[in-house]
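Asker: Please see the structure below; I have some questions.
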Amino acid sequence: MNDPVIFERHFSDKLGISLEIPQTWQKIEKQYLDEQIEGYFYPAQVAHNPQIFIKKIVIPDAEQNEQNFAELADELMQLPLQKLQPEQFEIITQTQTKIDNYPARLDIFVFQSPDVKLLTTQYQVCWQNHQTVYGLIAMVESTEELQYLPIFAAVAGSIHCEQ
């Protein structure tokens, strides 16, 4: 995959966003995903294909605050930690940023799941558009991260909230 990556814009009515995904990536069929999640993968010649998932959560009025996106980021980061020893998890970066001018947090971390036995790099960015919180989670085998982290960043940077 050393050729230039060509992106095409995808519109998601169910998530209320548009984003640019590499042309060679495939959409994950909806029967494999929850209702408020969309996913894409690259059919690579590796054991575990690079993947991108986008999740949408509508926050109830009583729970809404300006930091809901940071709370989601913390929750998503805790998921792999539940099965791991501390030495199997390392935060590479944690940065405040913006997605389509909305407040966001970017986390990149590496973990080794006992199920998979491979080092995995996870790129996640969570952002908040008023009462809606989104999480983009992208994963790749750590040996391939230099090739795919720029793609994940380009996808995140292309997101436009339609609603």
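By convention here, the chains of the structure tokens are called A, B, ... in the order presented, each chain's residues are numbered starting at 1, and ligands are numbered starting at 1 in the order presented.
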Apply DSSP to the backbone of this structure and, from chain A, keep only the residues in alpha helix (DSSP H); write these as a compact mmCIF listing (two decimals) with C-alpha atoms, in the first residue's frame.

Answerer:
```txt
# COMPACT_ATOMS: atom_id res chain seq x y z
CA ASN A 68 -19.19 14.33 27.97
CA PHE A 69 -16.68 13.70 25.16
CA ALA A 70 -13.81 13.39 27.68
CA GLU A 71 -15.90 10.98 29.77
CA LEU A 72 -16.47 8.84 26.66
CA ALA A 73 -12.73 8.93 25.87
CA ASP A 74 -11.96 7.71 29.41
CA GLU A 75 -14.57 4.93 29.13
CA LEU A 76 -13.23 3.75 25.78
CA MET A 77 -9.69 3.71 27.12
CA GLN A 78 -10.79 1.61 30.09
CA LEU A 79 -12.20 -1.17 27.88
CA PRO A 80 -8.86 -2.78 26.94
CA LEU A 81 -7.51 -2.13 30.46
CA GLU A 145 1.11 1.81 12.80
CA LEU A 146 3.45 4.09 10.85
CA GLN A 147 1.54 3.28 7.69
CA TYR A 148 -1.97 3.62 9.15
CA LEU A 149 -1.83 6.36 11.82
CA PRO A 150 -1.66 9.07 9.10
CA ILE A 151 -4.73 7.49 7.45
CA PHE A 152 -6.60 7.47 10.76
CA ALA A 153 -5.66 11.13 11.32
CA ALA A 154 -6.84 12.06 7.81
CA VAL A 155 -10.19 10.31 8.36
CA ALA A 156 -10.67 12.09 11.72
CA GLY A 157 -9.68 15.43 10.19
```

Asker: Do you know which residues are at most 7 Å from Lys56 in chain A counting only C-alpha atoms, after dropping those on the same chain fewer than 4 positions away, and could you put them as an NGL selection string?

Answerer: :A and (15 or 36-37 or 132-135)

Asker: Nearest to Asn101 in chain A among A:Gln45, A:Ser113, A:Gln128, A:Gln31, with distances taken over only C-alpha atoms: which residue is it?

Answerer: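 The answer is A:Gln128, which sits nearest to Asn101 in chain A.
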
Asker: Tell me which of A:Ser12, A:Phe7, A:Ala47, A:Gly39 sits closest to Thr24 in chain A, counting only C-alpha atoms.

Answerer: A:Phe7

Asker: I want to know what sits within 6 Å of Tyr123 in chain A, based on only C-alpha atoms, with residues of the same chain fewer than 4 positions away left out; could you give that as an NGL selection string?

Answerer: :A and (108 or 137-138)
